[in-house]
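Visitor: Contents of data27.tsv (TSV, N, CA and C atoms and all ligand atoms):
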```tsv
chain	number	residue	atom	x	y	z
A	284	MET	N	14.16	-8.56	-8.00
A	284	MET	CA	14.67	-7.29	-7.50
A	284	MET	C	14.41	-7.18	-6.01
A	285	THR	N	15.13	-6.33	-5.40
A	285	THR	CA	14.93	-6.12	-3.98
A	285	THR	C	14.70	-4.64	-3.71
A	286	THR	N	13.99	-4.38	-2.66
A	286	THR	CA	13.79	-2.99	-2.26
A	286	THR	C	14.10	-2.87	-0.79
A	287	LYS	N	14.53	-1.70	-0.41
A	287	LYS	CA	14.81	-1.44	1.00
A	287	LYS	C	14.27	-0.06	1.32
A	288	GLN	N	13.44	-0.02	2.30
A	288	GLN	CA	12.82	1.25	2.65
A	288	GLN	C	13.81	2.15	3.38
A	289	GLN	N	13.87	3.39	2.97
A	289	GLN	CA	14.71	4.35	3.65
A	289	GLN	C	13.91	4.99	4.77
A	290	ASP	N	14.57	5.86	5.51
A	290	ASP	CA	13.88	6.57	6.59
A	290	ASP	C	12.76	7.43	6.02
A	291	ASP	N	13.03	8.03	4.91
A	291	ASP	CA	12.00	8.81	4.23
A	291	ASP	C	10.88	7.87	3.80
A	292	ASN	N	9.68	8.17	4.21
A	292	ASN	CA	8.56	7.29	3.92
A	292	ASN	C	8.34	7.07	2.43
A	293	LEU	N	8.65	8.07	1.66
A	293	LEU	CA	8.26	8.02	0.26
A	293	LEU	C	9.38	7.56	-0.67
A	294	THR	N	10.54	7.26	-0.11
A	294	THR	CA	11.65	6.88	-0.96
A	294	THR	C	12.06	5.44	-0.66
A	295	GLU	N	12.39	4.74	-1.70
A	295	GLU	CA	12.87	3.37	-1.52
A	295	GLU	C	14.05	3.15	-2.45
A	296	PHE	N	14.88	2.20	-2.09
A	296	PHE	CA	15.97	1.79	-2.96
A	296	PHE	C	15.47	0.65	-3.84
A	297	ILE	N	15.77	0.74	-5.08
A	297	ILE	CA	15.44	-0.35	-6.00
A	297	ILE	C	16.72	-0.82	-6.67
A	298	LYS	N	16.90	-2.13	-6.68
A	298	LYS	CA	18.04	-2.71	-7.39
A	298	LYS	C	17.53	-3.24	-8.73
A	299	CYS	N	18.12	-2.74	-9.79
A	299	CYS	CA	17.67	-3.14	-11.12
A	299	CYS	C	17.91	-4.63	-11.34
A	300	GLU	N	16.88	-5.29	-11.82
A	300	GLU	CA	17.00	-6.73	-12.07
A	300	GLU	C	17.76	-7.03	-13.36
A	301	HIS	N	18.01	-5.98	-14.14
A	301	HIS	CA	18.70	-6.18	-15.43
A	301	HIS	C	20.20	-5.90	-15.31
A	302	CYS	N	20.55	-4.80	-14.63
A	302	CYS	CA	21.96	-4.41	-14.60
A	302	CYS	C	22.49	-4.24	-13.17
A	303	ALA	N	21.64	-4.48	-12.18
A	303	ALA	CA	22.03	-4.42	-10.76
A	303	ALA	C	22.31	-3.00	-10.27
A	304	HIS	N	22.01	-2.02	-11.08
A	304	HIS	CA	22.14	-0.63	-10.64
A	304	HIS	C	21.13	-0.38	-9.51
A	305	VAL	N	21.60	0.32	-8.48
A	305	VAL	CA	20.72	0.64	-7.36
A	305	VAL	C	20.38	2.13	-7.41
A	306	PHE	N	19.10	2.41	-7.31
A	306	PHE	CA	18.68	3.81	-7.42
A	306	PHE	C	17.53	4.10	-6.48
A	307	ASP	N	17.37	5.38	-6.18
A	307	ASP	CA	16.26	5.83	-5.35
A	307	ASP	C	14.99	5.92	-6.19
A	308	HIS	N	13.89	5.62	-5.55
A	308	HIS	CA	12.62	5.75	-6.25
A	308	HIS	C	11.59	6.32	-5.29
A	309	ASP	N	10.84	7.26	-5.76
A	309	ASP	CA	9.74	7.82	-4.98
A	309	ASP	C	8.58	6.82	-5.03
A	310	SER	N	8.31	6.19	-3.90
A	310	SER	CA	7.31	5.12	-3.89
A	310	SER	C	5.91	5.63	-4.13
A	311	SER	N	5.74	6.95	-4.11
A	311	SER	CA	4.41	7.50	-4.38
A	311	SER	C	4.21	7.76	-5.86
A	312	ALA	N	5.27	7.58	-6.65
A	312	ALA	CA	5.16	7.89	-8.08
A	312	ALA	C	4.27	6.88	-8.78
A	313	TYR	N	3.53	7.37	-9.74
A	313	TYR	CA	2.66	6.49	-10.50
A	313	TYR	C	3.40	5.90	-11.68
A	314	GLY	N	2.87	4.84	-12.21
A	314	GLY	CA	3.32	4.32	-13.49
A	314	GLY	C	4.51	3.39	-13.39
A	315	ALA	N	4.92	2.93	-14.53
A	315	ALA	CA	6.01	1.98	-14.61
A	315	ALA	C	7.33	2.63	-14.20
A	316	ILE	N	8.20	1.81	-13.65
A	316	ILE	CA	9.52	2.28	-13.24
A	316	ILE	C	10.55	1.74	-14.23
A	317	HIS	N	11.42	2.64	-14.66
A	317	HIS	CA	12.50	2.22	-15.55
A	317	HIS	C	13.83	2.55	-14.90
A	318	CYS	N	14.77	1.65	-15.03
A	318	CYS	CA	16.10	1.85	-14.47
A	318	CYS	C	16.77	3.04	-15.17
A	319	PRO	N	17.29	3.99	-14.38
A	319	PRO	CA	17.94	5.14	-15.01
A	319	PRO	C	19.26	4.78	-15.69
A	320	ALA	N	19.81	3.62	-15.37
A	320	ALA	CA	21.10	3.24	-15.97
A	320	ALA	C	20.91	2.51	-17.29
A	321	CYS	N	20.01	1.54	-17.32
A	321	CYS	CA	19.88	0.72	-18.53
A	321	CYS	C	18.52	0.86	-19.19
A	322	ALA	N	17.63	1.63	-18.56
A	322	ALA	CA	16.28	1.87	-19.08
A	322	ALA	C	15.41	0.61	-19.05
A	323	GLY	N	15.91	-0.44	-18.40
A	323	GLY	CA	15.11	-1.65	-18.29
A	323	GLY	C	13.90	-1.42	-17.40
A	324	LYS	N	12.81	-2.06	-17.76
A	324	LYS	CA	11.59	-1.91	-16.97
A	324	LYS	C	11.68	-2.78	-15.72
A	325	ILE	N	11.36	-2.16	-14.59
A	325	ILE	CA	11.38	-2.88	-13.32
A	325	ILE	C	10.02	-3.55	-13.15
A	326	THR	N	10.04	-4.82	-12.85
A	326	THR	CA	8.77	-5.52	-12.66
A	326	THR	C	8.25	-5.25	-11.26
A	327	ASP	N	7.03	-5.60	-11.03
A	327	ASP	CA	6.37	-5.31	-9.77
A	327	ASP	C	7.21	-5.79	-8.59
A	328	ALA	N	7.42	-4.88	-7.67
A	328	ALA	CA	8.26	-5.20	-6.51
A	328	ALA	C	7.47	-5.85	-5.39
A	329	SER	N	6.27	-6.21	-5.66
A	329	SER	CA	5.42	-6.78	-4.61
A	329	SER	C	5.04	-8.23	-4.91
A	330	PRO	N	6.03	-9.07	-5.22
A	330	PRO	CA	5.69	-10.44	-5.60
A	330	PRO	C	5.15	-11.26	-4.44
A	331	ASN	N	5.40	-10.78	-3.23
A	331	ASN	CA	4.99	-11.57	-2.08
A	331	ASN	C	3.58	-11.26	-1.61
A	332	ILE	N	3.01	-10.18	-2.13
A	332	ILE	CA	1.68	-9.82	-1.63
A	332	ILE	C	0.70	-10.91	-2.06
A	333	ASN	N	-0.19	-11.22	-1.17
A	333	ASN	CA	-1.19	-12.23	-1.43
A	333	ASN	C	-2.45	-11.53	-1.93
A	334	PRO	N	-2.73	-11.60	-3.23
A	334	PRO	CA	-3.87	-10.85	-3.76
A	334	PRO	C	-5.18	-11.30	-3.15
A	335	ASP	N	-5.26	-12.58	-2.78
A	335	ASP	CA	-6.49	-13.07	-2.16
A	335	ASP	C	-6.70	-12.45	-0.79
A	336	ALA	N	-5.61	-12.34	-0.03
A	336	ALA	CA	-5.71	-11.74	1.31
A	336	ALA	C	-6.11	-10.28	1.20
A	337	LEU	N	-5.55	-9.59	0.22
A	337	LEU	CA	-5.89	-8.18	0.01
A	337	LEU	C	-7.36	-8.06	-0.40
A	338	ALA	N	-7.77	-8.90	-1.33
A	338	ALA	CA	-9.16	-8.86	-1.80
A	338	ALA	C	-10.12	-9.22	-0.67
A	339	ASP	N	-9.73	-10.19	0.14
A	339	ASP	CA	-10.58	-10.60	1.26
A	339	ASP	C	-10.74	-9.45	2.26
A	340	PHE	N	-9.64	-8.75	2.52
A	340	PHE	CA	-9.68	-7.64	3.46
A	340	PHE	C	-10.61	-6.53	2.95
A	341	VAL	N	-10.44	-6.18	1.69
A	341	VAL	CA	-11.28	-5.12	1.11
A	341	VAL	C	-12.75	-5.56	1.08
A	342	ALA	N	-12.98	-6.81	0.76
A	342	ALA	CA	-14.35	-7.32	0.75
A	342	ALA	C	-14.96	-7.29	2.14
A	343	ALA	N	-14.14	-7.61	3.14
A	343	ALA	CA	-14.64	-7.59	4.52
A	343	ALA	C	-14.96	-6.16	4.96
A	344	LEU	N	-14.14	-5.21	4.53
A	344	LEU	CA	-14.42	-3.80	4.85
A	344	LEU	C	-15.74	-3.38	4.22
A	345	ASN	N	-15.95	-3.78	2.99
A	345	ASN	CA	-17.19	-3.41	2.31
A	345	ASN	C	-18.40	-4.06	2.96
A	346	THR	N	-18.24	-5.32	3.35
A	346	THR	CA	-19.34	-6.01	4.02
A	346	THR	C	-19.71	-5.30	5.33
A	347	LYS	N	-18.67	-4.87	6.03
A	347	LYS	CA	-18.90	-4.27	7.34
A	347	LYS	C	-19.43	-2.84	7.25
A	348	PHE	N	-18.95	-2.08	6.25
A	348	PHE	CA	-19.21	-0.64	6.25
A	348	PHE	C	-20.08	-0.12	5.10
A	349	ASN	N	-20.43	-0.96	4.16
A	349	ASN	CA	-21.31	-0.48	3.09
A	349	ASN	C	-22.62	0.04	3.68
A	350	GLY	N	-23.08	-0.59	4.73
A	350	GLY	CA	-24.34	-0.21	5.35
A	350	GLY	C	-24.33	1.19	5.93
A	351	VAL	N	-23.16	1.69	6.26
A	351	VAL	CA	-23.07	3.06	6.78
A	351	VAL	C	-22.50	4.00	5.72
A	352	GLY	N	-22.53	3.53	4.48
A	352	GLY	CA	-22.28	4.45	3.37
A	352	GLY	C	-20.87	4.51	2.84
A	353	TYR	N	-20.00	3.62	3.29
A	353	TYR	CA	-18.62	3.66	2.82
A	353	TYR	C	-18.34	2.51	1.85
A	354	THR	N	-17.54	2.82	0.87
A	354	THR	CA	-17.06	1.82	-0.07
A	354	THR	C	-15.54	1.84	-0.06
A	355	PHE	N	-14.94	0.65	-0.12
A	355	PHE	CA	-13.48	0.55	-0.09
A	355	PHE	C	-13.00	-0.12	-1.37
A	356	LEU	N	-11.86	0.31	-1.84
A	356	LEU	CA	-11.31	-0.28	-3.05
A	356	LEU	C	-9.80	-0.13	-3.06
A	357	VAL	N	-9.18	-1.04	-3.79
A	357	VAL	CA	-7.75	-0.92	-4.04
A	357	VAL	C	-7.60	0.01	-5.23
A	358	GLU	N	-7.15	1.22	-4.96
A	358	GLU	CA	-7.09	2.20	-6.03
A	358	GLU	C	-5.85	2.02	-6.87
A	359	ARG	N	-4.75	1.71	-6.22
A	359	ARG	CA	-3.50	1.64	-6.97
A	359	ARG	C	-2.59	0.60	-6.34
A	360	PRO	N	-2.49	-0.56	-6.95
A	360	PRO	CA	-1.51	-1.51	-6.46
A	360	PRO	C	-0.12	-0.89	-6.63
A	361	GLY	N	0.55	-0.65	-5.55
A	361	GLY	CA	1.82	0.07	-5.62
A	361	GLY	C	3.00	-0.83	-5.83
A	362	VAL	N	4.10	-0.20	-6.13
A	362	VAL	CA	5.35	-0.95	-6.22
A	362	VAL	C	5.74	-1.43	-4.82
A	363	ARG	N	5.60	-0.53	-3.87
A	363	ARG	CA	5.97	-0.87	-2.50
A	363	ARG	C	4.72	-0.89	-1.61
A	364	TYR	N	3.88	0.11	-1.78
A	364	TYR	CA	2.69	0.22	-0.94
A	364	TYR	C	1.43	0.25	-1.80
A	365	THR	N	0.51	-0.58	-1.45
A	365	THR	CA	-0.77	-0.58	-2.14
A	365	THR	C	-1.75	0.28	-1.35
A	366	ARG	N	-2.38	1.20	-2.04
A	366	ARG	CA	-3.27	2.15	-1.37
A	366	ARG	C	-4.69	1.63	-1.37
A	367	ILE	N	-5.30	1.60	-0.21
A	367	ILE	CA	-6.71	1.27	-0.10
A	367	ILE	C	-7.46	2.57	0.17
A	368	VAL	N	-8.43	2.84	-0.69
A	368	VAL	CA	-9.15	4.11	-0.64
A	368	VAL	C	-10.56	3.87	-0.12
A	369	GLN	N	-11.04	4.83	0.63
A	369	GLN	CA	-12.37	4.81	1.22
A	369	GLN	C	-13.20	5.90	0.55
A	370	THR	N	-14.35	5.54	0.07
A	370	THR	CA	-15.19	6.55	-0.58
A	370	THR	C	-16.58	6.55	0.04
A	371	ALA	N	-17.20	7.70	-0.05
A	371	ALA	CA	-18.60	7.89	0.32
A	371	ALA	C	-19.07	9.04	-0.55
A	372	PRO	N	-20.36	9.25	-0.65
A	372	PRO	CA	-20.82	10.37	-1.47
A	372	PRO	C	-20.14	11.67	-1.04
A	373	GLY	N	-19.41	12.29	-1.95
A	373	GLY	CA	-18.73	13.53	-1.65
A	373	GLY	C	-17.47	13.38	-0.83
A	374	HIS	N	-17.01	12.16	-0.67
A	374	HIS	CA	-15.85	11.91	0.19
A	374	HIS	C	-14.94	10.87	-0.45
A	375	ARG	N	-13.67	11.12	-0.39
A	375	ARG	CA	-12.69	10.16	-0.90
A	375	ARG	C	-11.41	10.37	-0.12
A	376	SER	N	-10.90	9.33	0.49
A	376	SER	CA	-9.69	9.48	1.29
A	376	SER	C	-8.92	8.17	1.29
A	377	VAL	N	-7.68	8.25	1.75
A	377	VAL	CA	-6.89	7.04	1.89
A	377	VAL	C	-7.30	6.36	3.19
A	378	PHE	N	-7.60	5.09	3.10
A	378	PHE	CA	-7.96	4.36	4.31
A	378	PHE	C	-6.72	3.80	4.99
A	379	CYS	N	-5.87	3.16	4.20
A	379	CYS	CA	-4.61	2.64	4.74
A	379	CYS	C	-3.72	2.22	3.57
A	380	PHE	N	-2.51	1.86	3.90
A	380	PHE	CA	-1.60	1.29	2.91
A	380	PHE	C	-1.23	-0.12	3.35
A	381	VAL	N	-0.98	-0.98	2.36
A	381	VAL	CA	-0.57	-2.35	2.64
A	381	VAL	C	0.70	-2.63	1.84
A	382	ASP	N	1.71	-3.18	2.49
A	382	ASP	CA	2.94	-3.46	1.76
A	382	ASP	C	2.95	-4.89	1.22
A	383	ALA	N	4.06	-5.25	0.58
A	383	ALA	CA	4.14	-6.53	-0.12
A	383	ALA	C	4.04	-7.72	0.82
A	384	ASP	N	4.35	-7.49	2.09
A	384	ASP	CA	4.29	-8.58	3.06
A	384	ASP	C	2.95	-8.63	3.78
A	385	GLY	N	2.02	-7.76	3.38
A	385	GLY	CA	0.71	-7.76	4.00
A	385	GLY	C	0.63	-6.90	5.25
A	386	ASN	N	1.68	-6.13	5.52
A	386	ASN	CA	1.64	-5.23	6.67
A	386	ASN	C	0.77	-4.01	6.34
A	387	ILE	N	-0.01	-3.60	7.34
A	387	ILE	CA	-0.95	-2.49	7.15
A	387	ILE	C	-0.41	-1.26	7.86
A	388	TYR	N	-0.48	-0.13	7.16
A	388	TYR	CA	0.05	1.13	7.68
A	388	TYR	C	-1.04	2.19	7.68
A	389	LYS	N	-0.94	3.08	8.64
A	389	LYS	CA	-1.74	4.30	8.64
A	389	LYS	C	-1.21	5.20	7.54
A	390	ALA	N	-2.09	5.93	6.89
A	390	ALA	CA	-1.65	6.86	5.85
A	390	ALA	C	-1.06	8.11	6.48
A	391	ALA	N	0.07	8.56	5.93
A	391	ALA	CA	0.62	9.85	6.33
A	391	ALA	C	0.03	10.93	5.45
A	392	GLY	N	-0.57	10.52	4.37
A	392	GLY	CA	-1.16	11.43	3.41
A	392	GLY	C	-1.58	10.60	2.22
A	393	TRP	N	-1.90	11.30	1.16
A	393	TRP	CA	-2.38	10.59	-0.01
A	393	TRP	C	-1.30	9.71	-0.63
A	394	LYS	N	-0.07	10.14	-0.47
A	394	LYS	CA	1.01	9.50	-1.22
A	394	LYS	C	1.67	8.32	-0.52
A	395	GLY	N	1.65	8.29	0.77
A	395	GLY	CA	2.40	7.22	1.41
A	395	GLY	C	2.03	7.04	2.87
A	396	PRO	N	2.56	5.98	3.45
A	396	PRO	CA	2.20	5.62	4.82
A	396	PRO	C	3.06	6.31	5.88
A	397	ALA	N	2.53	6.36	7.07
A	397	ALA	CA	3.31	6.73	8.24
A	397	ALA	C	4.16	5.53	8.64
A	398	LYS	N	5.21	5.81	9.34
A	398	LYS	CA	6.11	4.74	9.78
A	398	LYS	C	5.40	3.81	10.77
A	399	GLY	N	5.77	2.57	10.73
A	399	GLY	CA	5.29	1.65	11.74
A	399	GLY	C	4.14	0.80	11.27
A	400	VAL	N	4.31	-0.50	11.38
A	400	VAL	CA	3.25	-1.43	11.01
A	400	VAL	C	2.16	-1.37	12.07
A	401	ARG	N	0.91	-1.19	11.63
A	401	ARG	CA	-0.21	-1.08	12.59
A	401	ARG	C	-0.99	-2.38	12.70
A	402	SER	N	-0.95	-3.17	11.64
A	402	SER	CA	-1.64	-4.46	11.66
A	402	SER	C	-1.14	-5.23	10.45
A	403	THR	N	-1.68	-6.41	10.24
A	403	THR	CA	-1.34	-7.17	9.04
A	403	THR	C	-2.60	-7.80	8.47
A	404	LEU	N	-2.54	-8.11	7.19
A	404	LEU	CA	-3.70	-8.76	6.57
A	404	LEU	C	-4.01	-10.09	7.27
A	405	ALA	N	-2.97	-10.74	7.76
A	405	ALA	CA	-3.16	-12.05	8.37
A	405	ALA	C	-3.75	-11.98	9.76
A	406	THR	N	-3.52	-10.86	10.46
A	406	THR	CA	-3.91	-10.81	11.87
A	406	THR	C	-4.95	-9.74	12.19
A	407	VAL	N	-5.30	-8.92	11.20
A	407	VAL	CA	-6.22	-7.82	11.49
A	407	VAL	C	-7.54	-8.34	12.05
A	408	GLU	N	-8.02	-7.68	13.10
A	408	GLU	CA	-9.29	-8.06	13.72
A	408	GLU	C	-10.36	-7.09	13.22
A	409	LEU	N	-11.23	-7.60	12.38
A	409	LEU	CA	-12.25	-6.76	11.78
A	409	LEU	C	-13.13	-6.08	12.82
A	410	SER	N	-13.30	-6.74	13.97
A	410	SER	CA	-14.16	-6.16	15.01
A	410	SER	C	-13.58	-4.86	15.54
A	411	LYS	N	-12.26	-4.69	15.40
A	411	LYS	CA	-11.62	-3.47	15.92
A	411	LYS	C	-11.46	-2.40	14.85
A	412	VAL	N	-11.74	-2.77	13.62
A	412	VAL	CA	-11.55	-1.82	12.52
A	412	VAL	C	-12.75	-0.90	12.44
A	413	ASP	N	-12.49	0.41	12.44
A	413	ASP	CA	-13.55	1.39	12.30
A	413	ASP	C	-13.33	2.15	11.00
A	414	PRO	N	-14.38	2.82	10.51
A	414	PRO	CA	-14.23	3.50	9.22
A	414	PRO	C	-13.52	4.84	9.32
A	415	TYR	N	-13.11	5.23	10.49
A	415	TYR	CA	-12.54	6.57	10.69
A	415	TYR	C	-11.03	6.54	10.87
A	416	GLY	N	-10.46	5.34	10.90
A	416	GLY	CA	-9.00	5.24	11.00
A	416	GLY	C	-8.47	5.18	12.41
A	417	SER	N	-9.35	5.20	13.40
A	417	SER	CA	-8.89	5.17	14.79
A	417	SER	C	-8.09	3.91	15.09
A	418	TRP	N	-8.45	2.83	14.42
A	418	TRP	CA	-7.79	1.54	14.67
A	418	TRP	C	-6.34	1.56	14.23
A	419	LEU	N	-5.95	2.55	13.43
A	419	LEU	CA	-4.58	2.62	12.94
A	419	LEU	C	-3.68	3.47	13.83
A	420	TYR	N	-4.27	4.10	14.83
A	420	TYR	CA	-3.45	4.86	15.78
A	420	TYR	C	-2.93	3.92	16.85
A	421	ARG	N	-1.84	4.30	17.44
A	421	ARG	CA	-1.27	3.45	18.48
A	421	ARG	C	-0.72	4.33	19.58
B	501	ZN	ZN	19.33	-1.35	-15.05
```
What would the structure in this file look like if it were written as structure tokens?
Ligand SMILES: [Zn+2]
Guide:
Amino acid sequence: MTTKQQDDNLTEFIKCEHCAHVFDHDSSAYGAIHCPACAGKITDASPNINPDALADFVAALNTKFNGVGYTFLVERPGVRYTRIVQTAPGHRSVFCFVDADGNIYKAAGWKGPAKGVRSTLATVELSKVDPYGSWLYR
């Protein structure tokens, strides 16, 4: 299947792999996606994401910031955007989003990213990453 991001951050086009029907999908929606035309289940749209690179990034964040009280985790592998969450006692927020190609985005909110790639899993410089999200501004 293929997806194409629309201008709206939270909406994407999905082409059904079963019947080729193209439909809008709210990329912030949870759970399995089913084609509205044929009810076929859409498989994960992130076949290109490198799970090792994602795991390495999250592990590096934890190594760097556990000492100052933050824990990072992949809360929800998304269809289009995978959400990385930052937690601390009494605190829980979105740290960033990562797409299927390993591009890293600043969060626009809990549900989805702001426009514009801010870094990538392949090129991110851990020395510049801070726990407050400043590194995602440009
Ligand atoms: Zn279909």
Visitor: Within chain A, find each residue whose DSSP state, derived from the backbone, is strand (DSSP E or B), and express the selection as a ChimeraX atom specification.
Guide: /A:286-288,294-298,305-309,316-317,324-325,354-359,364-371,374-382,386-388,390,396,402-403
Visitor: Just to confirm, what's the straight-line distance from atom CA of A:Ala315 to atom CA of A:Gly385 in Å (one decimal)?
Guide: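 Going from atom CA of A:Ala315 over to atom CA of A:Gly385, I get 21.7 Å.
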Visitor: In Å to one decimal, how far is atom N of A:Lys411 from atom N of A:Asn345?
Guide: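 Pair atom N of A:Asn345 / atom N of A:Lys411 returns 13.0 Å.
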Visitor: Around ligand ZN 501 (chain B), at most 8 Å away and counting all atoms listed in the file, which residues are there? Put them as a ChimeraX atom specification, please.
Guide: /A:298-305,317-324
Visitor: Name the residues within 12 Å of (-6.1, -10.4, 1.0), counting only C-alpha atoms in the file's coordinates, and put them as JSON, numbers by chain.
Guide: {"A": [331, 332, 333, 334, 335, 336, 337, 338, 339, 340, 341, 342, 343, 344, 357, 365, 367, 381, 382, 383, 384, 385, 386, 387, 403, 404, 405, 406, 407]}
Visitor: Please save N, CA and C atoms of the selected residues as a PDB file, keeping the file's coordinate frame.
Guide:
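part_7.pdb, freshly written:
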```pdb
ATOM      1  N   ASN A 331       5.400 -10.780  -3.230  1.00  0.00           N
ATOM      2  CA  ASN A 331       4.990 -11.570  -2.080  1.00  0.00           C
ATOM      3  C   ASN A 331       3.580 -11.260  -1.610  1.00  0.00           C
ATOM      4  N   ILE A 332       3.010 -10.180  -2.130  1.00  0.00           N
ATOM      5  CA  ILE A 332       1.680  -9.820  -1.630  1.00  0.00           C
ATOM      6  C   ILE A 332       0.700 -10.910  -2.060  1.00  0.00           C
ATOM      7  N   ASN A 333      -0.190 -11.220  -1.170  1.00  0.00           N
ATOM      8  CA  ASN A 333      -1.190 -12.230  -1.430  1.00  0.00           C
ATOM      9  C   ASN A 333      -2.450 -11.530  -1.930  1.00  0.00           C
ATOM     10  N   PRO A 334      -2.730 -11.600  -3.230  1.00  0.00           N
ATOM     11  CA  PRO A 334      -3.870 -10.850  -3.760  1.00  0.00           C
ATOM     12  C   PRO A 334      -5.180 -11.300  -3.150  1.00  0.00           C
ATOM     13  N   ASP A 335      -5.260 -12.580  -2.780  1.00  0.00           N
ATOM     14  CA  ASP A 335      -6.490 -13.070  -2.160  1.00  0.00           C
ATOM     15  C   ASP A 335      -6.700 -12.450  -0.790  1.00  0.00           C
ATOM     16  N   ALA A 336      -5.610 -12.340  -0.030  1.00  0.00           N
ATOM     17  CA  ALA A 336      -5.710 -11.740   1.310  1.00  0.00           C
ATOM     18  C   ALA A 336      -6.110 -10.280   1.200  1.00  0.00           C
ATOM     19  N   LEU A 337      -5.550  -9.590   0.220  1.00  0.00           N
ATOM     20  CA  LEU A 337      -5.890  -8.180   0.010  1.00  0.00           C
ATOM     21  C   LEU A 337      -7.360  -8.060  -0.400  1.00  0.00           C
ATOM     22  N   ALA A 338      -7.770  -8.900  -1.330  1.00  0.00           N
ATOM     23  CA  ALA A 338      -9.160  -8.860  -1.800  1.00  0.00           C
ATOM     24  C   ALA A 338     -10.120  -9.220  -0.670  1.00  0.00           C
ATOM     25  N   ASP A 339      -9.730 -10.190   0.140  1.00  0.00           N
ATOM     26  CA  ASP A 339     -10.580 -10.600   1.260  1.00  0.00           C
ATOM     27  C   ASP A 339     -10.740  -9.450   2.260  1.00  0.00           C
ATOM     28  N   PHE A 340      -9.640  -8.750   2.520  1.00  0.00           N
ATOM     29  CA  PHE A 340      -9.680  -7.640   3.460  1.00  0.00           C
ATOM     30  C   PHE A 340     -10.610  -6.530   2.950  1.00  0.00           C
ATOM     31  N   VAL A 341     -10.440  -6.180   1.690  1.00  0.00           N
ATOM     32  CA  VAL A 341     -11.280  -5.120   1.110  1.00  0.00           C
ATOM     33  C   VAL A 341     -12.750  -5.560   1.080  1.00  0.00           C
ATOM     34  N   ALA A 342     -12.980  -6.810   0.760  1.00  0.00           N
ATOM     35  CA  ALA A 342     -14.350  -7.320   0.750  1.00  0.00           C
ATOM     36  C   ALA A 342     -14.960  -7.290   2.140  1.00  0.00           C
ATOM     37  N   ALA A 343     -14.140  -7.610   3.140  1.00  0.00           N
ATOM     38  CA  ALA A 343     -14.640  -7.590   4.520  1.00  0.00           C
ATOM     39  C   ALA A 343     -14.960  -6.160   4.960  1.00  0.00           C
ATOM     40  N   LEU A 344     -14.140  -5.210   4.530  1.00  0.00           N
ATOM     41  CA  LEU A 344     -14.420  -3.800   4.850  1.00  0.00           C
ATOM     42  C   LEU A 344     -15.740  -3.380   4.220  1.00  0.00           C
ATOM     43  N   VAL A 357      -9.180  -1.040  -3.790  1.00  0.00           N
ATOM     44  CA  VAL A 357      -7.750  -0.920  -4.040  1.00  0.00           C
ATOM     45  C   VAL A 357      -7.600   0.010  -5.230  1.00  0.00           C
ATOM     46  N   THR A 365       0.510  -0.580  -1.450  1.00  0.00           N
ATOM     47  CA  THR A 365      -0.770  -0.580  -2.140  1.00  0.00           C
ATOM     48  C   THR A 365      -1.750   0.280  -1.350  1.00  0.00           C
ATOM     49  N   ILE A 367      -5.300   1.600  -0.210  1.00  0.00           N
ATOM     50  CA  ILE A 367      -6.710   1.270  -0.100  1.00  0.00           C
ATOM     51  C   ILE A 367      -7.460   2.570   0.170  1.00  0.00           C
ATOM     52  N   VAL A 381      -0.980  -0.980   2.360  1.00  0.00           N
ATOM     53  CA  VAL A 381      -0.570  -2.350   2.640  1.00  0.00           C
ATOM     54  C   VAL A 381       0.700  -2.630   1.840  1.00  0.00           C
ATOM     55  N   ASP A 382       1.710  -3.180   2.490  1.00  0.00           N
ATOM     56  CA  ASP A 382       2.940  -3.460   1.760  1.00  0.00           C
ATOM     57  C   ASP A 382       2.950  -4.890   1.220  1.00  0.00           C
ATOM     58  N   ALA A 383       4.060  -5.250   0.580  1.00  0.00           N
ATOM     59  CA  ALA A 383       4.140  -6.530  -0.120  1.00  0.00           C
ATOM     60  C   ALA A 383       4.040  -7.720   0.820  1.00  0.00           C
ATOM     61  N   ASP A 384       4.350  -7.490   2.090  1.00  0.00           N
ATOM     62  CA  ASP A 384       4.290  -8.580   3.060  1.00  0.00           C
ATOM     63  C   ASP A 384       2.950  -8.630   3.780  1.00  0.00           C
ATOM     64  N   GLY A 385       2.020  -7.760   3.380  1.00  0.00           N
ATOM     65  CA  GLY A 385       0.710  -7.760   4.000  1.00  0.00           C
ATOM     66  C   GLY A 385       0.630  -6.900   5.250  1.00  0.00           C
ATOM     67  N   ASN A 386       1.680  -6.130   5.520  1.00  0.00           N
ATOM     68  CA  ASN A 386       1.640  -5.230   6.670  1.00  0.00           C
ATOM     69  C   ASN A 386       0.770  -4.010   6.340  1.00  0.00           C
ATOM     70  N   ILE A 387      -0.010  -3.600   7.340  1.00  0.00           N
ATOM     71  CA  ILE A 387      -0.950  -2.490   7.150  1.00  0.00           C
ATOM     72  C   ILE A 387      -0.410  -1.260   7.860  1.00  0.00           C
ATOM     73  N   THR A 403      -1.680  -6.410  10.240  1.00  0.00           N
ATOM     74  CA  THR A 403      -1.340  -7.170   9.040  1.00  0.00           C
ATOM     75  C   THR A 403      -2.600  -7.800   8.470  1.00  0.00           C
ATOM     76  N   LEU A 404      -2.540  -8.110   7.190  1.00  0.00           N
ATOM     77  CA  LEU A 404      -3.700  -8.760   6.570  1.00  0.00           C
ATOM     78  C   LEU A 404      -4.010 -10.090   7.270  1.00  0.00           C
ATOM     79  N   ALA A 405      -2.970 -10.740   7.760  1.00  0.00           N
ATOM     80  CA  ALA A 405      -3.160 -12.050   8.370  1.00  0.00           C
ATOM     81  C   ALA A 405      -3.750 -11.980   9.760  1.00  0.00           C
ATOM     82  N   THR A 406      -3.520 -10.860  10.460  1.00  0.00           N
ATOM     83  CA  THR A 406      -3.910 -10.810  11.870  1.00  0.00           C
ATOM     84  C   THR A 406      -4.950  -9.740  12.190  1.00  0.00           C
ATOM     85  N   VAL A 407      -5.300  -8.920  11.200  1.00  0.00           N
ATOM     86  CA  VAL A 407      -6.220  -7.820  11.490  1.00  0.00           C
ATOM     87  C   VAL A 407      -7.540  -8.340  12.050  1.00  0.00           C
TER      88      VAL A 407
END
```
Visitor: Using only N, CA and C atoms, can you tell me which of A:Tyr388, A:Arg421, A:Tyr415, A:Thr354 comes closest to A:Pro372?
Guide: A:Thr354
